[in-house]
Every structure is written in structure tokens, then in C-alpha cells.
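This is work-v9.txt (compact mmCIF, C-alpha atoms).
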# COMPACT_ATOMS: atom_id res chain seq x y z
CA MET A 1065 52.73 -9.22 -28.22
CA LEU A 1066 56.44 -8.94 -27.42
CA TYR A 1067 56.84 -7.03 -30.69
CA TYR A 1068 54.53 -4.28 -29.43
CA LEU A 1069 56.11 -4.25 -25.96
CA PHE A 1070 59.61 -3.78 -27.35
CA GLN A 1071 58.34 -1.27 -29.89
CA TYR A 1072 57.21 0.83 -26.94
CA LEU A 1073 60.49 0.21 -25.09
CA ASP A 1074 62.42 1.26 -28.19
CA LYS A 1075 60.76 4.67 -27.99
CA LEU A 1076 62.17 4.90 -24.44
CA ASP A 1077 65.65 4.06 -25.79
CA PHE A 1078 65.68 0.71 -23.98
CA PRO A 1079 68.93 -1.08 -25.00
CA GLY A 1080 68.37 -3.81 -27.61
CA ALA A 1081 64.65 -3.15 -28.01
CA GLY A 1082 65.16 -2.09 -31.63
CA MET A 1083 66.10 -5.66 -32.56
CA PHE A 1084 62.41 -6.56 -32.58
CA GLN A 1085 61.88 -4.30 -35.60
CA PHE A 1086 63.85 -6.77 -37.74
CA VAL A 1087 61.88 -9.63 -39.28
CA THR A 1088 64.94 -11.89 -39.27
CA PHE A 1089 65.46 -11.47 -35.51
CA ARG A 1090 61.82 -12.14 -34.70
CA ALA A 1091 61.83 -15.13 -37.07
CA ALA A 1092 64.80 -16.63 -35.22
CA MET A 1093 63.10 -16.03 -31.87
CA ALA A 1094 59.84 -17.53 -33.16
CA ALA A 1095 61.66 -20.70 -34.21
CA LEU A 1096 63.36 -20.96 -30.81
CA ILE A 1097 60.16 -20.37 -28.84
CA SER A 1098 58.07 -22.86 -30.81
CA LEU A 1099 60.85 -25.46 -30.64
CA LEU A 1100 61.27 -25.18 -26.87
CA PHE A 1101 57.52 -25.00 -26.27
CA SER A 1102 56.85 -28.15 -28.30
CA VAL A 1103 59.62 -30.08 -26.52
CA ILE A 1104 58.80 -28.93 -22.99
CA VAL A 1105 55.01 -28.83 -23.17
CA GLY A 1106 54.95 -31.84 -25.49
CA ALA A 1107 56.27 -34.08 -22.72
CA LYS A 1108 53.45 -33.02 -20.43
CA ILE A 1109 50.81 -33.50 -23.14
CA ILE A 1110 52.16 -37.00 -23.86
CA ARG A 1111 51.91 -37.94 -20.17
CA MET A 1112 48.35 -36.57 -20.03
CA LEU A 1113 47.32 -38.54 -23.12
CA GLN A 1114 48.90 -41.69 -21.68
CA GLN A 1115 47.02 -41.26 -18.42
CA LYS A 1116 43.75 -40.86 -20.31
CA GLN A 1117 44.70 -43.86 -22.47
CA ILE A 1118 44.18 -41.94 -25.70
CA GLY A 1119 46.03 -44.40 -27.93
CA GLU A 1120 46.17 -45.16 -31.63
CA THR A 1121 44.11 -48.05 -32.98
CA ILE A 1122 46.27 -50.04 -35.38
CA ARG A 1123 44.78 -51.76 -38.44
CA ASN A 1124 46.24 -55.09 -39.49
CA LEU A 1125 48.39 -54.21 -42.51
CA ASP A 1126 50.85 -57.08 -41.99
CA LEU A 1127 53.81 -54.73 -41.67
CA GLU A 1128 56.94 -55.27 -39.60
CA GLY A 1129 56.76 -53.60 -36.18
CA GLN A 1130 53.16 -52.57 -36.76
CA TYR A 1131 51.71 -53.87 -33.51
CA SER A 1132 54.45 -52.33 -31.40
CA LYS A 1133 52.75 -48.99 -32.14
CA ARG A 1134 49.44 -50.07 -30.67
CA GLY A 1135 48.39 -47.79 -27.81
CA THR A 1136 50.82 -44.99 -28.74
CA PRO A 1137 49.17 -41.65 -27.85
CA THR A 1138 47.62 -39.81 -30.78
CA MET A 1139 46.19 -36.31 -31.35
CA GLY A 1140 49.73 -34.98 -30.90
CA GLY A 1141 49.04 -32.35 -33.53
CA VAL A 1142 47.78 -30.28 -30.59
CA ILE A 1143 51.45 -29.81 -29.63
CA ILE A 1144 52.29 -28.40 -33.05
CA ILE A 1145 49.27 -26.10 -33.16
CA LEU A 1146 49.82 -24.68 -29.67
CA SER A 1147 53.52 -24.16 -30.35
CA ILE A 1148 52.81 -22.24 -33.55
CA LEU A 1149 50.11 -20.08 -31.97
CA VAL A 1150 52.11 -19.21 -28.85
CA SER A 1151 55.19 -18.35 -30.88
CA ILE A 1152 53.42 -16.23 -33.50
CA LEU A 1153 51.31 -14.39 -30.89
CA LEU A 1154 54.50 -13.43 -29.10
CA MET A 1155 56.66 -12.56 -32.09
CA GLY A 1156 54.36 -11.62 -34.95
CA LYS A 1157 52.85 -8.34 -36.08
CA LEU A 1158 49.28 -9.19 -35.24
CA GLU A 1159 47.78 -6.45 -37.43
CA ASN A 1160 49.47 -7.89 -40.53
CA ILE A 1161 46.74 -9.36 -42.75
CA TYR A 1162 48.91 -12.31 -43.76
CA ILE A 1163 49.55 -13.24 -40.13
CA ILE A 1164 45.84 -12.87 -39.34
CA LEU A 1165 44.94 -15.27 -42.14
CA MET A 1166 47.56 -17.80 -41.03
CA ILE A 1167 46.29 -17.70 -37.43
CA ILE A 1168 42.70 -18.19 -38.60
CA SER A 1169 43.84 -21.08 -40.82
CA THR A 1170 45.74 -22.72 -37.96
CA VAL A 1171 42.73 -22.60 -35.62
CA TRP A 1172 40.28 -23.62 -38.36
CA LEU A 1173 42.28 -26.62 -39.57
CA GLY A 1174 43.24 -27.62 -36.04
CA ALA A 1175 39.58 -27.72 -35.04
CA LEU A 1176 38.77 -29.81 -38.14
CA GLY A 1177 41.51 -32.33 -37.43
CA PHE A 1178 40.68 -32.43 -33.71
CA ALA A 1179 37.02 -33.20 -34.49
CA ASP A 1180 38.12 -36.06 -36.74
CA ASP A 1181 40.45 -37.53 -34.10
CA TYR A 1182 37.89 -37.03 -31.32
CA ILE A 1183 35.33 -39.15 -33.18
CA LYS A 1184 37.93 -41.85 -33.85
CA VAL A 1185 39.32 -41.98 -30.32
CA PHE A 1186 36.41 -41.17 -28.03
CA LYS A 1187 33.44 -42.27 -30.17
CA LYS A 1188 35.33 -45.40 -31.27
CA ASP A 1189 34.41 -44.75 -34.90
CA LYS A 1190 37.47 -45.63 -36.97
CA GLU A 1191 36.09 -43.72 -39.97
CA GLY A 1192 36.24 -40.44 -38.04
CA LEU A 1193 34.56 -37.33 -39.35
CA LYS A 1194 32.59 -37.93 -42.53
CA GLY A 1195 34.54 -37.05 -45.64
CA LYS A 1196 31.91 -34.60 -46.86
CA PHE A 1197 32.23 -32.56 -43.66
CA LYS A 1198 36.00 -32.40 -44.05
CA ILE A 1199 35.62 -31.16 -47.61
CA ILE A 1200 33.02 -28.59 -46.57
CA ALA A 1201 35.36 -27.27 -43.87
CA GLN A 1202 38.29 -27.09 -46.30
CA ILE A 1203 36.11 -25.32 -48.87
CA GLY A 1204 35.07 -22.87 -46.14
CA LEU A 1205 38.68 -22.03 -45.37
CA GLY A 1206 39.45 -21.66 -49.07
CA LEU A 1207 36.58 -19.18 -49.37
CA ILE A 1208 37.86 -17.18 -46.40
CA VAL A 1209 41.39 -16.99 -47.80
CA GLY A 1210 40.40 -16.39 -51.43
CA LEU A 1211 37.76 -13.75 -50.70
CA THR A 1212 40.03 -11.95 -48.23
CA MET A 1213 42.73 -11.76 -50.89
CA TYR A 1214 40.15 -10.23 -53.21
CA LEU A 1215 38.49 -7.82 -50.77
CA SER A 1216 41.26 -6.75 -48.39
CA PRO A 1217 43.03 -3.49 -49.35
CA ASP A 1218 46.12 -4.75 -47.49
CA ILE A 1219 46.75 -7.68 -49.83
CA VAL A 1220 48.39 -6.15 -52.86
CA SER A 1221 51.51 -6.57 -54.94
CA ARG A 1222 53.69 -4.80 -57.47
CA GLU A 1223 54.24 -6.70 -60.67
CA ASN A 1224 57.71 -7.00 -62.10
CA THR A 1225 58.61 -5.74 -65.57
CA GLU A 1226 61.93 -6.28 -67.32
CA VAL A 1227 64.02 -3.54 -68.90
CA ARG A 1228 65.94 -5.14 -71.77
CA VAL A 1229 68.73 -3.90 -74.03
CA ASN A 1230 69.62 -6.17 -76.95
CA ASN A 1231 67.43 -8.85 -75.35
CA VAL A 1232 69.53 -8.73 -72.16
CA ILE A 1233 67.83 -7.84 -68.88
CA GLN A 1234 69.37 -4.64 -67.51
CA GLU A 1235 67.07 -4.20 -64.52
CA VAL A 1236 63.71 -5.18 -63.08
CA GLN A 1237 61.24 -2.40 -62.38
CA TYR A 1238 57.99 -2.37 -60.42
CA LEU A 1239 54.80 -0.40 -60.80
CA GLU A 1240 54.68 2.61 -58.51
CA GLN A 1241 51.24 1.79 -57.16
CA ASP A 1242 50.15 -1.33 -55.33
CA VAL A 1243 47.61 -3.39 -57.28
CA LYS A 1244 45.35 -6.35 -56.83
CA THR A 1245 46.64 -9.23 -58.88
CA THR A 1246 45.74 -12.78 -59.81
CA ASN A 1247 49.25 -13.40 -61.10
CA THR A 1248 51.34 -16.23 -59.77
CA THR A 1249 54.89 -17.45 -60.33
CA ILE A 1250 55.54 -20.25 -62.82
CA PRO A 1251 58.66 -22.40 -62.32
CA PHE A 1252 61.21 -22.80 -65.13
CA VAL A 1253 59.52 -20.19 -67.36
CA LYS A 1254 61.36 -17.11 -68.61
CA ASN A 1255 58.38 -14.76 -68.43
CA ASN A 1256 57.55 -16.18 -65.06
CA ASN A 1257 54.13 -14.71 -64.27
CA PHE A 1258 50.93 -16.56 -65.04
CA ASP A 1259 47.69 -14.60 -64.78
CA TYR A 1260 44.52 -16.54 -64.01
CA ARG A 1261 42.79 -13.88 -66.11
CA SER A 1262 44.05 -15.61 -69.24
CA LEU A 1263 41.64 -18.45 -68.44
CA VAL A 1264 38.63 -16.14 -68.72
CA SER A 1265 39.89 -13.56 -71.22
CA TRP A 1266 37.20 -14.74 -73.65
CA MET A 1267 34.56 -13.23 -71.33
CA GLY A 1268 35.49 -9.69 -72.37
CA ASP A 1269 34.08 -7.02 -70.06
CA PHE A 1270 33.19 -9.61 -67.42
CA ALA A 1271 36.74 -11.03 -67.22
CA ASP A 1272 37.80 -8.76 -64.33
CA GLU A 1273 35.06 -10.15 -62.09
CA ALA A 1274 35.17 -13.73 -63.40
CA VAL A 1275 38.90 -14.08 -62.81
CA TRP A 1276 38.41 -13.77 -59.06
CA VAL A 1277 35.82 -16.54 -59.15
CA VAL A 1278 38.40 -18.73 -60.89
CA PHE A 1279 41.07 -17.66 -58.42
CA VAL A 1280 38.94 -18.47 -55.36
CA ILE A 1281 38.10 -21.89 -56.81
CA ALA A 1282 41.82 -22.50 -57.38
CA VAL A 1283 42.55 -21.53 -53.75
CA ILE A 1284 39.92 -24.01 -52.52
CA LEU A 1285 41.34 -26.82 -54.66
CA ILE A 1286 44.92 -26.10 -53.56
CA ILE A 1287 44.16 -26.00 -49.83
CA THR A 1288 42.01 -29.13 -50.01
CA ALA A 1289 44.54 -31.07 -52.09
CA VAL A 1290 47.62 -30.25 -49.99
CA SER A 1291 45.79 -30.80 -46.69
CA ASN A 1292 44.55 -34.25 -47.71
CA SER A 1293 47.90 -35.18 -49.29
CA ALA A 1294 49.71 -34.47 -46.03
CA ASN A 1295 47.10 -36.55 -44.25
CA LEU A 1296 47.87 -39.54 -46.50
CA THR A 1297 51.61 -39.07 -45.92
CA ASP A 1298 51.23 -39.41 -42.15
CA GLY A 1299 51.81 -43.15 -41.95
CA LEU A 1300 55.38 -43.58 -40.70
CA ASP A 1301 57.13 -42.20 -37.63
CA GLY A 1302 58.38 -38.70 -38.41
CA LEU A 1303 57.51 -38.77 -42.11
CA ALA A 1304 54.86 -36.04 -42.26
CA SER A 1305 56.40 -33.82 -39.58
CA GLY A 1306 59.93 -34.00 -41.02
CA SER A 1307 58.74 -33.42 -44.58
CA SER A 1308 56.63 -30.45 -43.44
CA ALA A 1309 59.61 -28.91 -41.66
CA VAL A 1310 61.65 -29.01 -44.88
CA ILE A 1311 58.79 -27.41 -46.83
CA GLY A 1312 58.39 -24.76 -44.12
CA VAL A 1313 62.03 -23.68 -44.50
CA ALA A 1314 61.60 -23.20 -48.26
CA LEU A 1315 58.33 -21.31 -47.88
CA GLY A 1316 59.85 -19.00 -45.27
CA LEU A 1317 62.68 -18.14 -47.64
CA LEU A 1318 60.24 -17.51 -50.50
CA ALA A 1319 58.10 -15.25 -48.31
CA TYR A 1320 61.12 -13.23 -47.20
CA VAL A 1321 62.44 -12.57 -50.71
CA SER A 1322 58.92 -11.78 -51.98
CA GLY A 1323 58.50 -9.14 -49.26
CA ARG A 1324 61.86 -7.44 -49.89
CA VAL A 1325 61.91 -5.27 -52.99
CA ASP A 1326 65.69 -5.63 -53.40
CA PHE A 1327 65.63 -9.45 -53.36
CA ALA A 1328 62.43 -9.59 -55.42
CA SER A 1329 64.07 -7.38 -58.05
CA TYR A 1330 67.19 -9.56 -58.15
CA LEU A 1331 65.11 -12.72 -58.57
CA ASN A 1332 62.69 -11.01 -60.99
CA ILE A 1333 59.57 -12.01 -59.04
CA MET A 1334 56.53 -10.12 -57.79
CA TYR A 1335 57.11 -7.79 -54.86
CA ILE A 1336 54.44 -8.41 -52.20
CA PRO A 1337 54.54 -5.69 -49.51
CA GLY A 1338 54.16 -7.10 -46.01
CA SER A 1339 54.63 -10.74 -46.99
CA ASP A 1340 58.09 -10.86 -45.38
CA GLU A 1341 56.24 -11.05 -42.05
CA LEU A 1342 55.18 -14.55 -43.07
CA MET A 1343 58.78 -15.60 -42.48
CA VAL A 1344 58.06 -15.29 -38.76
CA PHE A 1345 55.13 -17.70 -39.14
CA ALA A 1346 57.23 -20.07 -41.25
CA THR A 1347 59.98 -20.31 -38.64
CA ALA A 1348 57.38 -20.87 -35.91
CA PHE A 1349 55.98 -23.64 -38.11
CA VAL A 1350 59.41 -25.21 -38.59
CA GLY A 1351 60.30 -24.94 -34.90
CA ALA A 1352 57.03 -26.61 -33.92
CA THR A 1353 57.43 -29.52 -36.37
CA VAL A 1354 61.08 -30.08 -35.47
CA GLY A 1355 60.22 -29.98 -31.77
CA PHE A 1356 57.44 -32.47 -32.36
CA LEU A 1357 59.98 -34.74 -34.09
CA TRP A 1358 61.74 -35.02 -30.72
CA TYR A 1359 58.90 -37.36 -29.74
CA ASN A 1360 57.60 -38.43 -33.15
CA ALA A 1361 60.85 -39.77 -34.64
CA TYR A 1362 61.20 -43.56 -34.73
CA PRO A 1363 60.15 -45.18 -32.46
CA ALA A 1364 57.39 -42.62 -31.99
CA GLN A 1365 56.19 -41.72 -28.51
CA ILE A 1366 53.22 -39.89 -30.00
CA PHE A 1367 51.39 -39.58 -33.32
CA MET A 1368 50.11 -36.28 -34.67
CA GLY A 1369 46.82 -37.72 -35.88
CA ASP A 1370 44.56 -35.81 -38.23
CA THR A 1371 44.82 -32.89 -35.80
CA GLY A 1372 48.35 -32.41 -37.06
CA SER A 1373 48.42 -33.77 -40.61
CA LEU A 1374 45.34 -31.94 -41.91
CA THR A 1375 46.62 -28.74 -40.29
CA LEU A 1376 50.17 -28.96 -41.63
CA GLY A 1377 49.08 -29.62 -45.20
CA GLY A 1378 46.41 -26.93 -45.13
CA LEU A 1379 48.81 -24.32 -43.73
CA ILE A 1380 51.33 -25.09 -46.45
CA GLY A 1381 48.62 -24.59 -49.09
CA VAL A 1382 47.41 -21.29 -47.60
CA PHE A 1383 50.97 -20.00 -47.20
CA ALA A 1384 51.88 -20.75 -50.82
CA VAL A 1385 48.73 -19.04 -52.11
CA LEU A 1386 49.38 -15.89 -50.06
CA ILE A 1387 52.85 -15.42 -51.56
CA HIS A 1388 51.64 -16.35 -55.08
CA LYS A 1389 53.88 -19.41 -55.31
CA GLU A 1390 51.18 -22.09 -55.42
CA LEU A 1391 52.40 -23.47 -58.76
CA LEU A 1392 55.65 -24.44 -57.03
CA LEU A 1393 53.76 -26.83 -54.75
CA PRO A 1394 53.94 -29.91 -57.03
CA ILE A 1395 57.73 -29.63 -56.75
CA LEU A 1396 58.04 -28.38 -53.18
CA CYS A 1397 55.45 -30.86 -51.87
CA GLY A 1398 56.61 -33.63 -54.19
CA VAL A 1399 56.56 -36.22 -51.39
CA PHE A 1400 52.96 -35.37 -50.50
CA PHE A 1401 52.02 -35.27 -54.18
CA VAL A 1402 53.43 -38.71 -54.97
CA GLU A 1403 51.86 -40.25 -51.87
CA ALA A 1404 48.41 -38.93 -52.85
CA LEU A 1405 48.93 -39.89 -56.50
CA SER A 1406 49.80 -43.46 -55.50
CA VAL A 1407 46.45 -43.79 -53.71
CA ILE A 1408 44.52 -42.30 -56.65
CA LEU A 1409 46.24 -44.59 -59.17
CA GLN A 1410 45.83 -47.66 -56.96
CA VAL A 1411 42.11 -47.14 -56.46
CA ALA A 1412 41.46 -46.18 -60.10
CA TYR A 1413 43.39 -49.17 -61.49
CA PHE A 1414 41.72 -51.58 -59.06
CA LYS A 1415 38.23 -50.40 -60.07
CA PHE A 1416 39.13 -50.40 -63.77
CA THR A 1417 40.50 -53.97 -63.77
CA LYS A 1418 37.63 -55.23 -61.63
CA LYS A 1419 35.11 -53.77 -64.04
CA ARG A 1420 36.85 -55.33 -67.06
CA SER A 1421 37.78 -58.77 -65.73
CA GLY A 1422 35.84 -59.13 -62.50
CA VAL A 1423 39.09 -59.25 -60.50
CA GLY A 1424 40.64 -56.08 -59.16
CA LYS A 1425 44.40 -55.73 -59.62
CA ARG A 1426 46.94 -53.39 -58.05
CA ILE A 1427 49.80 -51.24 -59.27
CA PHE A 1428 51.58 -51.11 -55.92
CA LYS A 1429 51.80 -53.77 -53.24
CA MET A 1430 50.10 -51.28 -50.94
CA SER A 1431 49.25 -47.59 -50.92
CA PRO A 1432 50.08 -44.91 -49.91
CA LEU A 1433 53.48 -45.37 -51.51
CA HIS A 1434 55.49 -45.57 -48.28
CA HIS A 1435 53.73 -48.84 -47.37
CA HIS A 1436 54.66 -50.30 -50.78
CA PHE A 1437 58.34 -50.14 -49.79
CA GLN A 1438 57.60 -51.87 -46.48
CA LYS A 1439 56.22 -54.96 -48.21
CA ALA A 1440 58.37 -57.79 -49.53
CA GLY A 1441 58.18 -58.47 -53.26
CA ASN A 1442 56.43 -61.64 -54.45
CA ALA A 1443 54.72 -61.93 -51.06
CA GLY A 1444 51.47 -63.20 -52.53
CA ILE A 1445 50.27 -59.74 -53.59
CA ASP A 1446 49.23 -59.43 -57.23
CA ALA A 1447 50.77 -56.05 -58.05
CA LEU A 1448 52.37 -54.71 -61.22
CA ILE A 1449 55.35 -53.35 -59.29
CA GLN A 1450 57.03 -55.90 -57.02
CA LYS A 1451 60.30 -54.12 -56.32
CA PRO A 1452 61.83 -53.75 -53.82
CA PHE A 1453 61.83 -57.48 -53.09
CA ILE A 1454 63.39 -56.89 -49.66
CA PRO A 1455 61.36 -54.56 -47.39
CA ILE A 1456 62.98 -51.28 -46.39
CA THR A 1457 63.06 -50.61 -42.66
CA GLU A 1458 60.96 -47.72 -41.41
CA PRO A 1459 63.82 -45.46 -40.17
CA LYS A 1460 65.72 -45.82 -43.47
CA LEU A 1461 62.56 -45.26 -45.51
CA VAL A 1462 61.68 -42.07 -43.63
CA SER A 1463 65.25 -40.76 -43.95
CA ARG A 1464 65.18 -41.31 -47.70
CA PHE A 1465 61.86 -39.50 -48.05
CA TRP A 1466 63.31 -36.60 -46.04
CA LEU A 1467 66.33 -36.45 -48.38
CA ILE A 1468 64.08 -36.44 -51.42
CA GLY A 1469 62.04 -33.66 -49.83
CA MET A 1470 65.20 -31.60 -49.23
CA ILE A 1471 66.29 -32.01 -52.85
CA LEU A 1472 62.84 -30.97 -54.08
CA ALA A 1473 62.85 -27.93 -51.77
CA VAL A 1474 66.20 -26.80 -53.19
CA VAL A 1475 64.92 -27.30 -56.73
CA ALA A 1476 61.73 -25.35 -55.96
CA VAL A 1477 63.68 -22.36 -54.64
CA ALA A 1478 66.25 -22.62 -57.45
CA THR A 1479 63.50 -22.38 -60.08
CA LEU A 1480 63.33 -18.66 -59.30
CA LYS A 1481 66.66 -18.27 -61.12
CA MET A 1482 66.53 -21.33 -63.43
CA ARG A 1483 64.77 -19.48 -66.23
Whole structure, C-alpha cells version:
Amino acid sequence: MLYYLFQYLDKLDFPGAGMFQFVTFRAAMAALISLLFSVIVGAKIIRMLQQKQIGETIRNLDLEGQYSKRGTPTMGGVIIILSILVSILLMGKLENIYIILMIISTVWLGALGFADDYIKVFKKDKEGLKGKFKIIAQIGLGLIVGLTMYLSPDIVSRENTEVRVNNVIQEVQYLEQDVKTTNTTIPFVKNNNFDYRSLVSWMGDFADEAVWVVFVIAVILIITAVSNSANLTDGLDGLASGSSAVIGVALGLLAYVSGRVDFASYLNIMYIPGSDELMVFATAFVGATVGFLWYNAYPAQIFMGDTGSLTLGGLIGVFAVLIHKELLLPILCGVFFVEALSVILQVAYFKFTKKRSGVGKRIFKMSPLHHHFQKAGNAGIDALIQKPFIPITEPKLVSRFWLIGMILAVVAVATLKMR
């Protein structure tokens, strides 16, 4: 909204109004607004939740300091969602199709997570919203995003082609016209574009239509996987919010370079007109998560609940798809990926060994993975991996996961030139 106000003031030669035409300026302002909003309004929301006694129910996991968290307010993801929405509504170009999709995704995922937390807290049902309803909602969002990318004339790109002399790249050129594409960037690969069409090329004349079916299915799987992975990661104070902030910084940078033809040419990646506006959303996202950390860092004064974790993961998935960088997610979201993988492996191995011998065995002392490091080795748990024998304290464990996330974010961005 402020963008349009200052656009009008710029026509009247109002001093400084022209600054709002620059994405970088509005991105900085969006980060500042969401950060301040989450810190200031967050305190009031925490007090309100405390007064209404909306506290977290703690399961007995036999972890150090576990019961000290009992009664801590939950559903704090509302703070993150409101901070993002207020910031982007003030600083974003609201007619930009990418911003529209991110706003819809924020509201959609926020409502899903809120419904889950509401059932847990107010209905006293610790299972929350049934899993099938969560999946249906995530599939619905994937359909909205995927079909919009297919049908909207505003979502286009210009594919990069190399001009080589003696097998040395002299320059990167782009098609003159904007085109619909199902290409995406592959990390570490010299010819770095992968086209989903190659999966259905055997269909001949029907490949052009079938590829979009494949693409929409891929979008659904990506959004669902990242959303649920972030949800599993939300088990320690500040872990999910801090990790998401790191990912948000990397995604903002990727969106900016993808939307600038000069940077896209230098990095030899697809040029996506209008995607640089997503940098404003990314900085609002980072500001909101960092502001939330003011209260969520150890010892947490509030938990984000599924309202926050499902939303953060889903937004990361949608964002990556929109800038055609979804194949970078296993690296960029490595912390989320490993946490989810630990649960899958633990459950699969337990069922496999129980079926074979009648006694279920474990790979880790506990899953998700962060709880494994909180358990002492040889503490009566029959697990294949007993190290570390001495439990790692929660603040140190979270800090180490953050550092790993930062390293992975740098690697993910560096893959654009590591080819």
C-alpha cells in the first residue's frame, strides 16, 4: 500500500518518494517492519495467550528440562503470519502474481495450522487435525500454485542459452519472447536446466499437456514434503524459526538474481521477469522469524505450534517452486530433510524388525533426530546408534543445527556457479 502511495507522491516530485521504486529499498523496509511488528505485537499476543491459559501440553519423553516447558503459550505462529502479511501489504507490489500467490499461501497454510492447534488446545485432542485433512489442504494449495503457474500469462521466463567459442562460454543469451516453461535449475550440473518434459517425452504429441500434469504433481509433493518436514523440526526452542530464517535469506537472494537479467546472465540461470519482487516477501519472512526468535529462543516464552511450522515449511516450498529452484531444496532445507528422514527410517526399521523377529528395534535413540542427541547413550534404549553418550544441551544443539543450516544455505547458493 505504501508502494502505491509513494508512487503517486513521486509523480508530485515529493522528496525521497522515488526510493520506493527500488526492490532493495522496499525489501529492507519489509524486513524492518516485520521484525518490529513481531517483537512489539508479539509481547501483547503472548500476554493474551497467557491470560487465556493457552499452553502447550508436554508429552513425557524423559528429556532434560522437558517439564519446565509445560504451560508455555503455543499458537505463536500467529505472530509470524501477521508480521509477514502486514509487512508485505505495506511494501509489496500487490498486483504482482508472485506476491499474490505468496499471500494466498500464507493465509491458506496459516488457517490449516491454526485449525490443527485449535483442536489440540481447545478441544483437548492431542492428535489435532486428522492427517488426511492436512494432506488434502496441502494438495489443494499445490493445485492452486501449480495450475496458476500453468494458466497465468504473468508467470513466464526466458531460458538461458550459452554462446561458446572453443568450448568456452563467451556470453549467455536469452530468448526475446517470454515463454511458459517447466524447466528448473539443477545444482552442480554444467547444463543446469532440467525440463520435466523429459519425463513424458515418450508421449509424443501429448507431451506438452502431460508435462504440466507432472509439474503440478511435483509442486504438490514439494509443498507437502517441506511443510511437514518443518513441522517435524519444530521440537526445540528456536530450531524451526532460526532454520527458516536462514533459508529465507538464501531464497530472497535467489529470487533477486533470478529477476534481474544482468545477474541471471552472469550466473547462467533462467531469467524470471517479476520474480525479484519476491525478495520483498523473503525479507518480510526473515524479519518475522527473527522477531519471533526474540521470544522463542531458549528458554522459549512461546511456541509457534503447527500454526507456524506448517506455514513456514509450506511457504519455503511454494517460494522455491515459483523461482524454479525446487531441486535446491534438499540442500537448502537439509536440516528439515534430515529430521524428516530420521522419522521415516526409524518407523520403517521398527516395523521391519518387528515383522521379522517380533521385536521392534530402533536406529536412533529417539526421532526426530534432534531428540536423539538429547538422550544419553546406553540409557536402556535398544538403538543401533548410541552416540553421543553424553546428552547435548538444548541451546548448544540448536546453535549447531543453525550453523549447519547456514553452511547448507551457502552451498545451495554457491551451486549456481559450482558447475
d(atom CA of Ala1348 of chain A, atom CA of Val1150 of chain A) in Å:
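These two atoms are separated by 9.0 Å.
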Near Thr1249 of chain A, counting only C-alpha atoms, which residues have an atom at most 9 Å away, once you skip same-chain residues fewer than 3 positions from it, shown as a VMD selection string?
chain A and resid 1253 1256 to 1259 1333 to 1334 1388 to 1392 1480
Measure the distance from atom CA of Ser1305 of chain A to atom CA of Thr1288 of chain A in Å and round it to one decimal.
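Spanning atom CA of Ser1305 of chain A to atom CA of Thr1288 of chain A is a straight-line distance of 18.4 Å.
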Excluding same-chain residues fewer than 2 positions from segment 1192-1207 of chain A, what lies within 8 Å of it counting only C-alpha atoms, as a list in words?
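Using only C-alpha atoms, the neighbours found are Ser1169, Trp1172, Leu1173, Leu1176, Ala1179, Asp1180, Asp1181, Tyr1182, Ile1183, Lys1184, Asp1189, Lys1190, Val1209, Gly1210, Leu1211, Val1280, Ile1281, Val1283, Ile1284, Leu1285, Ile1287 and Thr1288 of chain A.
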Could you jot down the atom CA of Gly1381 of chain A to atom CA of Leu1315 of chain A separation for me, Å, one decimal place?
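A separation of 10.3 Å between them.
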Shortest interatomic distance to Glu1191 of chain A - which of A:Gly1135, A:Asp1370, A:Tyr1335, A:Phe1465, counting all atoms listed in the file:
A:Asp1370
Could you name the residues that touch Val1474 of chain A at 9 Å or less, counting all atoms listed in the file, but leaving out those on the same chain fewer than 4 positions away, as a VMD selection string?
chain A and resid 1314 1396 1469 to 1470 1478 to 1479
Show me, as AutoDock Vina command-line options, the centre and edge lengths in Å to one decimal of the axis-aligned box that covers every listed atom of segment 1187-1193 of chain A with 5 Å on each side.
--center_x 35.5 --center_y -41.5 --center_z -35.1 --size_x 14.0 --size_y 18.3 --size_z 19.8
Using all atoms listed in the file, which residues sit within 12 Å of Pro1337 of chain A once same-chain residues fewer than 2 positions away are excluded, as a CSV table (one decimal) with C-alpha atoms, in the coordinates of the input?
chain,number,residue,atom,x,y,z
A,1160,ASN,CA,49.5,-7.9,-40.5
A,1161,ILE,CA,46.7,-9.4,-42.8
A,1162,TYR,CA,48.9,-12.3,-43.8
A,1217,PRO,CA,43.0,-3.5,-49.4
A,1218,ASP,CA,46.1,-4.8,-47.5
A,1219,ILE,CA,46.8,-7.7,-49.8
A,1220,VAL,CA,48.4,-6.2,-52.9
A,1221,SER,CA,51.5,-6.6,-54.9
A,1222,ARG,CA,53.7,-4.8,-57.5
A,1223,GLU,CA,54.2,-6.7,-60.7
A,1238,TYR,CA,58.0,-2.4,-60.4
A,1241,GLN,CA,51.2,1.8,-57.2
A,1242,ASP,CA,50.2,-1.3,-55.3
A,1243,VAL,CA,47.6,-3.4,-57.3
A,1244,LYS,CA,45.4,-6.4,-56.8
A,1319,ALA,CA,58.1,-15.2,-48.3
A,1320,TYR,CA,61.1,-13.2,-47.2
A,1321,VAL,CA,62.4,-12.6,-50.7
A,1322,SER,CA,58.9,-11.8,-52.0
A,1323,GLY,CA,58.5,-9.1,-49.3
A,1324,ARG,CA,61.9,-7.4,-49.9
A,1325,VAL,CA,61.9,-5.3,-53.0
A,1326,ASP,CA,65.7,-5.6,-53.4
A,1328,ALA,CA,62.4,-9.6,-55.4
A,1334,MET,CA,56.5,-10.1,-57.8
A,1335,TYR,CA,57.1,-7.8,-54.9
A,1339,SER,CA,54.6,-10.7,-47.0
A,1340,ASP,CA,58.1,-10.9,-45.4
A,1341,GLU,CA,56.2,-11.0,-42.0
A,1342,LEU,CA,55.2,-14.6,-43.1
A,1386,LEU,CA,49.4,-15.9,-50.1
A,1387,ILE,CA,52.8,-15.4,-51.6
Residues within 7 Å of segment 1415-1429 of chain A, all atoms listed in the file, excluding chain neighbours under 6 positions, as a list in words:
His1436, Lys1439, Ile1445, Asp1446, Ala1447, Leu1448, Ile1449 and Gln1450 of chain A
List every protein, DNA or RNA residue that has at least one atom no more than 8 Å from (41.0, -15.7, -66.5) in the file's coordinates, counting all atoms listed in the file, and write the result as a list in words.
Asp1259, Tyr1260, Arg1261, Ser1262, Leu1263, Val1264, Ser1265, Ala1271, Asp1272, Ala1274, Val1275 and Val1278 of chain A
Within 12 Å of (52.0, -25.6, -46.1), all atoms listed in the file: residues as a PyMOL selection string?
chain A and resi 1166+1169-1170+1173+1286-1294+1304-1305+1307-1316+1342+1345-1346+1349-1350+1353+1372-1387+1389-1390+1392-1394+1396-1397+1400
Measuring between all atoms listed in the file, which one of A:Phe1186, A:Ser1151, A:Tyr1330, A:Arg1090 shows the shortest distance to Lys1116 of chain A?
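Answer, going by the shortest atom-to-atom distance: A:Phe1186.
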